[in-house]
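Undergrad: Please find input_17.cif (mmCIF, N, CA and C atoms) on the next line:
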data_entry
loop_
_atom_site.label_atom_id
_atom_site.label_comp_id
_atom_site.auth_asym_id
_atom_site.auth_seq_id
_atom_site.Cartn_x
_atom_site.Cartn_y
_atom_site.Cartn_z
N MET A 1 3.77 4.06 -15.39
CA MET A 1 3.83 2.67 -14.98
C MET A 1 2.45 2.04 -15.09
N GLY A 2 2.11 1.58 -16.27
CA GLY A 2 0.79 1.05 -16.52
C GLY A 2 0.46 -0.23 -15.78
N PHE A 3 1.29 -1.25 -15.93
CA PHE A 3 1.00 -2.56 -15.34
C PHE A 3 1.01 -2.46 -13.82
N PHE A 4 2.02 -1.82 -13.26
CA PHE A 4 2.09 -1.69 -11.80
C PHE A 4 0.94 -0.84 -11.26
N ASN A 5 0.52 0.18 -11.99
CA ASN A 5 -0.63 0.98 -11.56
C ASN A 5 -1.89 0.13 -11.45
N THR A 6 -2.02 -0.88 -12.31
CA THR A 6 -3.16 -1.80 -12.22
C THR A 6 -3.12 -2.54 -10.90
N ILE A 7 -1.94 -2.96 -10.47
CA ILE A 7 -1.79 -3.65 -9.18
C ILE A 7 -2.21 -2.71 -8.06
N LEU A 8 -1.70 -1.46 -8.10
CA LEU A 8 -2.06 -0.49 -7.06
C LEU A 8 -3.56 -0.24 -7.02
N GLU A 9 -4.18 -0.11 -8.19
CA GLU A 9 -5.63 0.12 -8.25
C GLU A 9 -6.39 -1.03 -7.62
N LYS A 10 -5.99 -2.26 -7.95
CA LYS A 10 -6.67 -3.45 -7.42
C LYS A 10 -6.56 -3.51 -5.90
N LEU A 11 -5.48 -2.95 -5.35
CA LEU A 11 -5.26 -2.97 -3.91
C LEU A 11 -5.77 -1.70 -3.22
N GLY A 12 -6.32 -0.77 -3.98
CA GLY A 12 -6.80 0.48 -3.40
C GLY A 12 -5.69 1.44 -3.07
N LEU A 13 -4.59 1.37 -3.79
CA LEU A 13 -3.41 2.21 -3.52
C LEU A 13 -3.01 3.05 -4.72
N LYS A 14 -3.95 3.50 -5.50
CA LYS A 14 -3.63 4.26 -6.72
C LYS A 14 -2.64 5.37 -6.38
N LYS A 15 -1.49 5.39 -7.07
CA LYS A 15 -0.40 6.31 -6.77
C LYS A 15 -0.81 7.77 -6.87
N GLU A 16 -1.57 8.13 -7.89
CA GLU A 16 -1.97 9.53 -8.06
C GLU A 16 -2.80 10.00 -6.86
N LYS A 17 -3.65 9.15 -6.33
CA LYS A 17 -4.45 9.52 -5.17
C LYS A 17 -3.55 9.76 -3.97
N SER A 18 -2.54 8.91 -3.79
CA SER A 18 -1.62 9.08 -2.67
C SER A 18 -0.87 10.40 -2.78
N ALA A 19 -0.44 10.75 -3.98
CA ALA A 19 0.29 12.00 -4.18
C ALA A 19 -0.62 13.20 -3.90
N GLU A 20 -1.87 13.12 -4.37
CA GLU A 20 -2.80 14.21 -4.11
C GLU A 20 -3.09 14.32 -2.62
N ALA A 21 -3.26 13.19 -1.96
CA ALA A 21 -3.55 13.20 -0.52
C ALA A 21 -2.36 13.76 0.25
N SER A 22 -1.13 13.38 -0.17
CA SER A 22 0.06 13.89 0.49
C SER A 22 0.18 15.39 0.31
N ALA A 23 -0.12 15.88 -0.87
CA ALA A 23 -0.04 17.31 -1.14
C ALA A 23 -1.08 18.07 -0.33
N ALA A 24 -2.25 17.48 -0.14
CA ALA A 24 -3.32 18.13 0.62
C ALA A 24 -3.15 17.95 2.12
N ALA A 25 -2.42 16.93 2.54
CA ALA A 25 -2.29 16.61 3.97
C ALA A 25 -1.74 17.76 4.80
N PRO A 26 -0.67 18.46 4.39
CA PRO A 26 -0.17 19.55 5.23
C PRO A 26 -1.19 20.66 5.44
N ALA A 27 -2.02 20.94 4.45
CA ALA A 27 -3.01 21.99 4.59
C ALA A 27 -4.17 21.55 5.49
N ALA A 28 -4.54 20.30 5.40
CA ALA A 28 -5.69 19.82 6.17
C ALA A 28 -5.49 19.94 7.68
N PRO A 29 -4.36 19.47 8.24
CA PRO A 29 -4.18 19.63 9.68
C PRO A 29 -4.15 21.10 10.11
N ALA A 30 -3.55 21.96 9.30
CA ALA A 30 -3.49 23.37 9.67
C ALA A 30 -4.90 23.96 9.74
N GLU A 31 -5.74 23.59 8.75
CA GLU A 31 -7.12 24.07 8.78
C GLU A 31 -7.84 23.54 10.00
N LYS A 32 -7.64 22.26 10.28
CA LYS A 32 -8.34 21.65 11.41
C LYS A 32 -7.89 22.29 12.73
N LYS A 33 -6.58 22.51 12.87
CA LYS A 33 -6.09 23.14 14.09
C LYS A 33 -6.67 24.55 14.23
N ALA A 34 -6.77 25.26 13.12
CA ALA A 34 -7.29 26.62 13.18
C ALA A 34 -8.75 26.62 13.63
N THR A 35 -9.52 25.65 13.20
CA THR A 35 -10.93 25.62 13.59
C THR A 35 -11.11 25.01 14.97
N VAL A 36 -10.21 24.11 15.37
CA VAL A 36 -10.34 23.45 16.67
C VAL A 36 -9.83 24.36 17.79
N ALA A 37 -8.74 25.07 17.55
CA ALA A 37 -8.12 25.86 18.61
C ALA A 37 -9.08 26.86 19.25
N PRO A 38 -9.82 27.68 18.49
CA PRO A 38 -10.71 28.63 19.16
C PRO A 38 -11.79 27.92 19.97
N ALA A 39 -12.31 26.82 19.47
CA ALA A 39 -13.35 26.10 20.20
C ALA A 39 -12.79 25.52 21.49
N ALA A 40 -11.53 25.09 21.47
CA ALA A 40 -10.93 24.48 22.65
C ALA A 40 -10.73 25.51 23.77
N THR A 41 -10.57 26.77 23.41
CA THR A 41 -10.33 27.78 24.43
C THR A 41 -11.60 28.56 24.79
N ALA A 42 -12.68 28.34 24.07
CA ALA A 42 -13.91 29.08 24.33
C ALA A 42 -14.54 28.62 25.64
N LYS A 43 -15.22 29.54 26.32
CA LYS A 43 -15.83 29.22 27.61
C LYS A 43 -16.93 28.15 27.51
N PRO A 44 -17.80 28.16 26.48
CA PRO A 44 -18.81 27.10 26.43
C PRO A 44 -18.19 25.71 26.42
N HIS A 45 -17.07 25.55 25.73
CA HIS A 45 -16.40 24.26 25.69
C HIS A 45 -15.89 23.90 27.08
N ALA A 46 -15.29 24.87 27.77
CA ALA A 46 -14.75 24.64 29.10
C ALA A 46 -15.86 24.27 30.07
N ALA A 47 -17.05 24.81 29.88
CA ALA A 47 -18.15 24.54 30.79
C ALA A 47 -18.62 23.09 30.71
N VAL A 48 -18.49 22.45 29.55
CA VAL A 48 -18.95 21.07 29.43
C VAL A 48 -17.86 20.06 29.74
N MET A 49 -16.67 20.52 29.99
CA MET A 49 -15.57 19.60 30.30
C MET A 49 -15.65 19.19 31.76
N ASP A 50 -15.25 17.95 32.02
CA ASP A 50 -15.17 17.47 33.39
C ASP A 50 -13.93 18.06 34.03
N LYS A 51 -13.93 18.09 35.35
CA LYS A 51 -12.74 18.54 36.05
C LYS A 51 -11.60 17.59 35.72
N GLY A 52 -10.45 18.14 35.48
CA GLY A 52 -9.27 17.33 35.18
C GLY A 52 -9.16 16.97 33.71
N GLU A 53 -10.20 17.17 32.92
CA GLU A 53 -10.13 16.87 31.49
C GLU A 53 -9.33 17.98 30.82
N LYS A 54 -8.52 17.62 29.86
CA LYS A 54 -7.66 18.59 29.20
C LYS A 54 -8.02 18.72 27.73
N ASP A 55 -7.62 19.83 27.15
CA ASP A 55 -7.85 20.08 25.72
C ASP A 55 -6.86 19.33 24.83
N GLU A 56 -5.80 18.79 25.38
CA GLU A 56 -4.73 18.19 24.59
C GLU A 56 -5.22 17.14 23.59
N PRO A 57 -6.16 16.25 23.91
CA PRO A 57 -6.58 15.27 22.91
C PRO A 57 -7.13 15.91 21.65
N MET A 58 -7.75 17.06 21.76
CA MET A 58 -8.29 17.70 20.58
C MET A 58 -7.17 18.17 19.66
N ALA A 59 -6.05 18.61 20.21
CA ALA A 59 -4.93 19.07 19.42
C ALA A 59 -4.27 17.89 18.69
N ALA A 60 -4.38 16.67 19.24
CA ALA A 60 -3.76 15.49 18.65
C ALA A 60 -4.68 14.81 17.63
N ALA A 61 -5.85 15.35 17.38
CA ALA A 61 -6.83 14.71 16.50
C ALA A 61 -6.34 14.46 15.08
N PRO A 62 -5.64 15.40 14.41
CA PRO A 62 -5.20 15.11 13.04
C PRO A 62 -4.25 13.92 13.01
N LYS A 63 -4.48 13.00 12.09
CA LYS A 63 -3.64 11.81 11.98
C LYS A 63 -3.05 11.73 10.57
N ALA A 64 -1.94 11.03 10.47
CA ALA A 64 -1.34 10.79 9.16
C ALA A 64 -2.24 9.86 8.37
N ILE A 65 -2.09 9.87 7.06
CA ILE A 65 -2.86 8.99 6.21
C ILE A 65 -2.49 7.56 6.58
N SER A 66 -3.49 6.73 6.86
CA SER A 66 -3.21 5.36 7.26
C SER A 66 -2.90 4.50 6.05
N GLU A 67 -2.20 3.41 6.32
CA GLU A 67 -1.85 2.51 5.22
C GLU A 67 -3.04 1.60 4.92
N VAL A 68 -3.03 1.06 3.74
CA VAL A 68 -4.08 0.15 3.30
C VAL A 68 -3.73 -1.25 3.78
N ASP A 69 -4.70 -1.96 4.32
CA ASP A 69 -4.48 -3.30 4.83
C ASP A 69 -4.47 -4.31 3.67
N VAL A 70 -3.38 -4.31 2.95
CA VAL A 70 -3.20 -5.17 1.78
C VAL A 70 -3.20 -6.64 2.19
N VAL A 71 -2.53 -6.95 3.29
CA VAL A 71 -2.43 -8.33 3.75
C VAL A 71 -3.82 -8.91 3.98
N SER A 72 -4.66 -8.17 4.66
CA SER A 72 -6.03 -8.64 4.92
C SER A 72 -6.80 -8.85 3.62
N GLN A 73 -6.67 -7.92 2.69
CA GLN A 73 -7.34 -8.05 1.39
C GLN A 73 -6.91 -9.31 0.67
N LEU A 74 -5.60 -9.53 0.62
CA LEU A 74 -5.07 -10.68 -0.10
C LEU A 74 -5.42 -11.99 0.60
N GLU A 75 -5.41 -11.99 1.92
CA GLU A 75 -5.80 -13.20 2.66
C GLU A 75 -7.26 -13.56 2.39
N LYS A 76 -8.12 -12.56 2.33
CA LYS A 76 -9.53 -12.82 2.01
C LYS A 76 -9.68 -13.38 0.60
N LEU A 77 -8.96 -12.79 -0.35
CA LEU A 77 -9.02 -13.26 -1.73
C LEU A 77 -8.48 -14.69 -1.85
N ALA A 78 -7.47 -15.03 -1.04
CA ALA A 78 -6.83 -16.34 -1.12
C ALA A 78 -7.60 -17.43 -0.39
N ALA A 79 -8.56 -17.06 0.44
CA ALA A 79 -9.32 -18.04 1.22
C ALA A 79 -9.95 -19.10 0.32
N GLY A 80 -9.64 -20.35 0.62
CA GLY A 80 -10.20 -21.46 -0.14
C GLY A 80 -9.50 -21.73 -1.46
N LYS A 81 -8.49 -20.98 -1.78
CA LYS A 81 -7.74 -21.19 -3.03
C LYS A 81 -6.35 -21.68 -2.67
N GLU A 82 -5.78 -22.44 -3.55
CA GLU A 82 -4.43 -22.93 -3.32
C GLU A 82 -3.41 -22.01 -3.99
N LEU A 83 -3.45 -20.75 -3.58
CA LEU A 83 -2.53 -19.75 -4.11
C LEU A 83 -1.72 -19.16 -2.96
N ASN A 84 -0.41 -19.08 -3.16
CA ASN A 84 0.46 -18.54 -2.12
C ASN A 84 1.05 -17.21 -2.58
N TRP A 85 0.31 -16.14 -2.40
CA TRP A 85 0.73 -14.80 -2.83
C TRP A 85 1.96 -14.32 -2.10
N LYS A 86 2.26 -14.88 -0.93
CA LYS A 86 3.42 -14.43 -0.15
C LYS A 86 4.74 -14.90 -0.75
N VAL A 87 4.69 -15.86 -1.66
CA VAL A 87 5.90 -16.42 -2.25
C VAL A 87 5.93 -16.27 -3.77
N SER A 88 4.78 -16.33 -4.40
CA SER A 88 4.71 -16.42 -5.85
C SER A 88 4.11 -15.17 -6.50
N ILE A 89 4.84 -14.60 -7.46
CA ILE A 89 4.31 -13.47 -8.22
C ILE A 89 3.13 -13.92 -9.07
N VAL A 90 3.19 -15.13 -9.60
CA VAL A 90 2.09 -15.65 -10.41
C VAL A 90 0.81 -15.73 -9.56
N ASP A 91 0.93 -16.28 -8.35
CA ASP A 91 -0.24 -16.39 -7.47
C ASP A 91 -0.75 -15.02 -7.05
N LEU A 92 0.15 -14.09 -6.79
CA LEU A 92 -0.25 -12.73 -6.42
C LEU A 92 -1.06 -12.09 -7.55
N LEU A 93 -0.56 -12.20 -8.77
CA LEU A 93 -1.28 -11.63 -9.92
C LEU A 93 -2.62 -12.33 -10.14
N LYS A 94 -2.66 -13.64 -9.97
CA LYS A 94 -3.91 -14.39 -10.13
C LYS A 94 -4.94 -13.92 -9.10
N LEU A 95 -4.51 -13.74 -7.85
CA LEU A 95 -5.43 -13.26 -6.81
C LEU A 95 -6.04 -11.92 -7.17
N LEU A 96 -5.26 -11.08 -7.81
CA LEU A 96 -5.72 -9.75 -8.19
C LEU A 96 -6.44 -9.74 -9.54
N ASP A 97 -6.60 -10.91 -10.10
CA ASP A 97 -7.27 -11.08 -11.40
C ASP A 97 -6.56 -10.26 -12.49
N ILE A 98 -5.23 -10.40 -12.50
CA ILE A 98 -4.37 -9.72 -13.46
C ILE A 98 -3.63 -10.80 -14.25
N ASP A 99 -3.40 -10.54 -15.51
CA ASP A 99 -2.68 -11.48 -16.38
C ASP A 99 -1.36 -11.88 -15.73
N SER A 100 -1.16 -13.19 -15.54
CA SER A 100 0.07 -13.68 -14.92
C SER A 100 0.94 -14.45 -15.90
N SER A 101 0.67 -14.31 -17.18
CA SER A 101 1.44 -15.01 -18.20
C SER A 101 2.90 -14.56 -18.18
N ARG A 102 3.75 -15.36 -18.78
CA ARG A 102 5.17 -15.03 -18.86
C ARG A 102 5.37 -13.67 -19.53
N GLU A 103 4.61 -13.41 -20.59
CA GLU A 103 4.73 -12.13 -21.31
C GLU A 103 4.34 -10.96 -20.40
N ALA A 104 3.27 -11.13 -19.64
CA ALA A 104 2.82 -10.06 -18.73
C ALA A 104 3.85 -9.82 -17.63
N ARG A 105 4.40 -10.89 -17.09
CA ARG A 105 5.42 -10.74 -16.04
C ARG A 105 6.68 -10.10 -16.59
N THR A 106 7.04 -10.43 -17.82
CA THR A 106 8.20 -9.81 -18.45
C THR A 106 7.96 -8.31 -18.64
N GLU A 107 6.76 -7.96 -19.06
CA GLU A 107 6.41 -6.55 -19.21
C GLU A 107 6.50 -5.82 -17.87
N LEU A 108 5.96 -6.43 -16.82
CA LEU A 108 6.02 -5.83 -15.49
C LEU A 108 7.47 -5.70 -15.02
N ALA A 109 8.28 -6.73 -15.26
CA ALA A 109 9.69 -6.69 -14.86
C ALA A 109 10.42 -5.55 -15.57
N LYS A 110 10.15 -5.36 -16.84
CA LYS A 110 10.77 -4.25 -17.58
C LYS A 110 10.32 -2.91 -17.01
N GLU A 111 9.04 -2.82 -16.72
CA GLU A 111 8.48 -1.58 -16.16
C GLU A 111 9.14 -1.22 -14.83
N LEU A 112 9.46 -2.25 -14.03
CA LEU A 112 10.05 -2.03 -12.70
C LEU A 112 11.58 -2.07 -12.74
N ASN A 113 12.15 -2.08 -13.96
CA ASN A 113 13.60 -2.04 -14.15
C ASN A 113 14.34 -3.24 -13.57
N CYS A 114 13.86 -4.41 -13.90
CA CYS A 114 14.53 -5.65 -13.48
C CYS A 114 15.92 -5.68 -14.10
N PRO A 115 16.93 -6.09 -13.35
CA PRO A 115 18.28 -6.20 -13.90
C PRO A 115 18.29 -7.14 -15.12
N ALA A 116 19.04 -6.77 -16.14
CA ALA A 116 19.08 -7.51 -17.40
C ALA A 116 19.49 -8.97 -17.22
N ASP A 117 20.41 -9.24 -16.29
CA ASP A 117 20.87 -10.62 -16.10
C ASP A 117 19.78 -11.54 -15.54
N MET A 118 18.74 -10.98 -14.96
CA MET A 118 17.64 -11.78 -14.42
C MET A 118 16.52 -11.99 -15.44
N MET A 119 16.46 -11.15 -16.43
CA MET A 119 15.37 -11.21 -17.41
C MET A 119 15.36 -12.51 -18.21
N SER A 120 16.51 -13.12 -18.43
CA SER A 120 16.58 -14.34 -19.24
C SER A 120 16.33 -15.60 -18.41
N ASP A 121 16.33 -15.48 -17.10
CA ASP A 121 16.10 -16.62 -16.20
C ASP A 121 14.75 -16.43 -15.50
N SER A 122 13.76 -17.17 -15.93
CA SER A 122 12.38 -17.01 -15.46
C SER A 122 12.27 -17.10 -13.94
N ALA A 123 12.93 -18.07 -13.35
CA ALA A 123 12.83 -18.25 -11.89
C ALA A 123 13.43 -17.06 -11.15
N ARG A 124 14.60 -16.61 -11.58
CA ARG A 124 15.24 -15.46 -10.93
C ARG A 124 14.41 -14.19 -11.14
N MET A 125 13.89 -14.02 -12.36
CA MET A 125 13.07 -12.84 -12.64
C MET A 125 11.81 -12.85 -11.75
N ASN A 126 11.18 -14.01 -11.64
CA ASN A 126 9.97 -14.10 -10.83
C ASN A 126 10.23 -13.79 -9.36
N THR A 127 11.35 -14.30 -8.84
CA THR A 127 11.71 -14.03 -7.44
C THR A 127 11.96 -12.53 -7.24
N TRP A 128 12.74 -11.94 -8.14
CA TRP A 128 13.02 -10.50 -8.06
C TRP A 128 11.73 -9.70 -8.19
N LEU A 129 10.91 -10.10 -9.15
CA LEU A 129 9.67 -9.38 -9.43
C LEU A 129 8.72 -9.42 -8.24
N HIS A 130 8.60 -10.57 -7.60
CA HIS A 130 7.72 -10.70 -6.43
C HIS A 130 8.17 -9.75 -5.32
N LYS A 131 9.46 -9.78 -5.01
CA LYS A 131 10.00 -8.89 -3.95
C LYS A 131 9.82 -7.42 -4.32
N GLU A 132 10.09 -7.09 -5.57
CA GLU A 132 10.00 -5.69 -6.00
C GLU A 132 8.56 -5.18 -5.97
N VAL A 133 7.63 -6.00 -6.39
CA VAL A 133 6.21 -5.60 -6.35
C VAL A 133 5.80 -5.37 -4.90
N LEU A 134 6.17 -6.27 -3.99
CA LEU A 134 5.82 -6.08 -2.58
C LEU A 134 6.48 -4.84 -2.01
N ARG A 135 7.74 -4.58 -2.38
CA ARG A 135 8.42 -3.36 -1.90
C ARG A 135 7.69 -2.10 -2.37
N LYS A 136 7.31 -2.11 -3.64
CA LYS A 136 6.65 -0.93 -4.20
C LYS A 136 5.22 -0.77 -3.64
N VAL A 137 4.56 -1.86 -3.36
CA VAL A 137 3.24 -1.78 -2.73
C VAL A 137 3.40 -1.16 -1.34
N ALA A 138 4.41 -1.61 -0.60
CA ALA A 138 4.68 -1.05 0.73
C ALA A 138 5.02 0.45 0.62
N ALA A 139 5.81 0.82 -0.38
CA ALA A 139 6.19 2.22 -0.56
C ALA A 139 5.00 3.10 -0.91
N ASN A 140 3.94 2.48 -1.42
CA ASN A 140 2.73 3.23 -1.79
C ASN A 140 1.63 3.13 -0.73
N GLY A 141 1.99 2.67 0.47
CA GLY A 141 1.03 2.68 1.57
C GLY A 141 0.43 1.35 1.93
N GLY A 142 0.92 0.27 1.37
CA GLY A 142 0.42 -1.06 1.72
C GLY A 142 1.16 -1.62 2.91
N ASN A 143 0.47 -2.36 3.75
CA ASN A 143 1.08 -2.91 4.96
C ASN A 143 1.70 -4.28 4.71
N ILE A 144 2.80 -4.31 4.01
CA ILE A 144 3.47 -5.56 3.72
C ILE A 144 4.41 -5.90 4.88
N PRO A 145 4.29 -7.11 5.44
CA PRO A 145 5.16 -7.49 6.56
C PRO A 145 6.64 -7.44 6.18
N LYS A 146 7.47 -7.02 7.13
CA LYS A 146 8.90 -6.86 6.89
C LYS A 146 9.55 -8.14 6.37
N GLU A 147 9.14 -9.29 6.88
CA GLU A 147 9.76 -10.54 6.46
C GLU A 147 9.52 -10.86 4.99
N LEU A 148 8.50 -10.27 4.39
CA LEU A 148 8.25 -10.47 2.96
C LEU A 148 9.06 -9.50 2.10
N LEU A 149 9.62 -8.49 2.73
CA LEU A 149 10.38 -7.48 1.99
C LEU A 149 11.88 -7.76 1.97
N ASP A 150 12.34 -8.67 2.82
CA ASP A 150 13.80 -8.97 2.91
C ASP A 150 14.22 -9.96 1.85
#
So, in terms of structure tokens, how does the structure I just supplied come out?

TA:
Amino acid sequence: MGFFNTILEKLGLKKEKSAEASAAAPAAPAEKKATVAPAATAKPHAAVMDKGEKDEPMAAAPKAISEVDVVSQLEKLAAGKELNWKVSIVDLLKLLDIDSSREARTELAKELNCPADMMSDSARMNTWLHKEVLRKVAANGGNIPKELLD
């Protein structure tokens, strides 16, 4: 997915990185727990703890990979510009400094498997394409608000 990968890269959501991080994620918490657990039970650690303090927060330290704040990025890019990325695929592509021509949007629509009946109607294709791009950005770790995905 060449064209869509460009969108992900511009937003800091490169798909290959997410897949690598997901594959490494299960191993990372296990390693961290293994190194944290002995320290949590060692006497020197217990000596510096306050009365009533528990080791439980240390066990909860590993966190899932956080999502990228796409909304904040796009809002900053849109500041002072008359572009509405929340509604328009053309404006979204322009904000990301990506070709927003009809030909480029058609290529992106084909890449994302736009239904054939929408491909001949520019307005319908653009509406579908905007929703689909936002859905796929969300699926790749972007924080797209639910109301933009419906």

Undergrad: For a quick check of understanding, using only C-alpha atoms, which of A:Thr6, A:Ser100, A:Thr106, A:Asn84 has the smallest distance to Ser122 of chain A?

TA: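 Among the listed residues, the smallest separation from Ser122 of chain A belongs to A:Thr106.
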
Undergrad: At most 6 Å from (0.7, -1.5, 6.0), file frame, only C-alpha atoms: which residues, as an NGL selection string?

TA: :A and (67-69 or 142-144)

Undergrad: Tell me, as a list of chain:residue names, which residues lie within 8 Å of Leu11 of chain A, counting only N, CA and C atoms; anything in the same chain fewer than 2 positions away does not count.

TA: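 So the residues in contact are A:Asn5, A:Thr6, A:Ile7, A:Leu8, A:Glu9, A:Leu13, A:Lys14, A:Val68, A:Asp69, A:Val70, A:Gln73, A:Leu74, A:Leu96, A:Gly142.
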
Undergrad: Which residue, A:Asn140, A:Ser101, A:Ser88, A:Asn113, has the smallest gap to Thr127 of chain A when you use only C-alpha atoms?

TA: A:Ser88

Undergrad: Any idea what the distance is between atom CA of Val71 of chain A and atom CA of Lys110 of chain A?

TA: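 A separation of 25.4 Å between them.
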
Undergrad: One number please: atom CA of Ala123 of chain A to atom CA of Gly12 of chain A, in Å, one decimal.

TA: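 Computed distance, atom CA of Ala123 of chain A to atom CA of Gly12 of chain A, equals 28.4 Å.
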
Undergrad: What is the atom CA of Glu111 of chain A to atom CA of Met125 of chain A distance in Å?

TA: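 The value is 12.7 Å.
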
Undergrad: Taking only C-alpha atoms into account, which of A:Lys10, A:His130, A:Lys94, A:Lys146 comes nearest Leu112 of chain A?

TA: A:His130

Undergrad: Near Leu129 of chain A, within 8 Å and counting all atoms listed in the file, which residues show up once chain neighbours fewer than 3 positions away are dropped, as a PyMOL selection string?

TA: chain A and resi 88-89+105+108-109+114+123-126+132-135

Undergrad: For Phe4 of chain A, which of A:Ile98, A:Ala78, A:Val87, A:Met118 is the closest residue, counting only C-alpha atoms?

TA: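 Among A:Ile98, A:Ala78, A:Val87, A:Met118, it is A:Ile98 that comes nearest to Phe4 of chain A.
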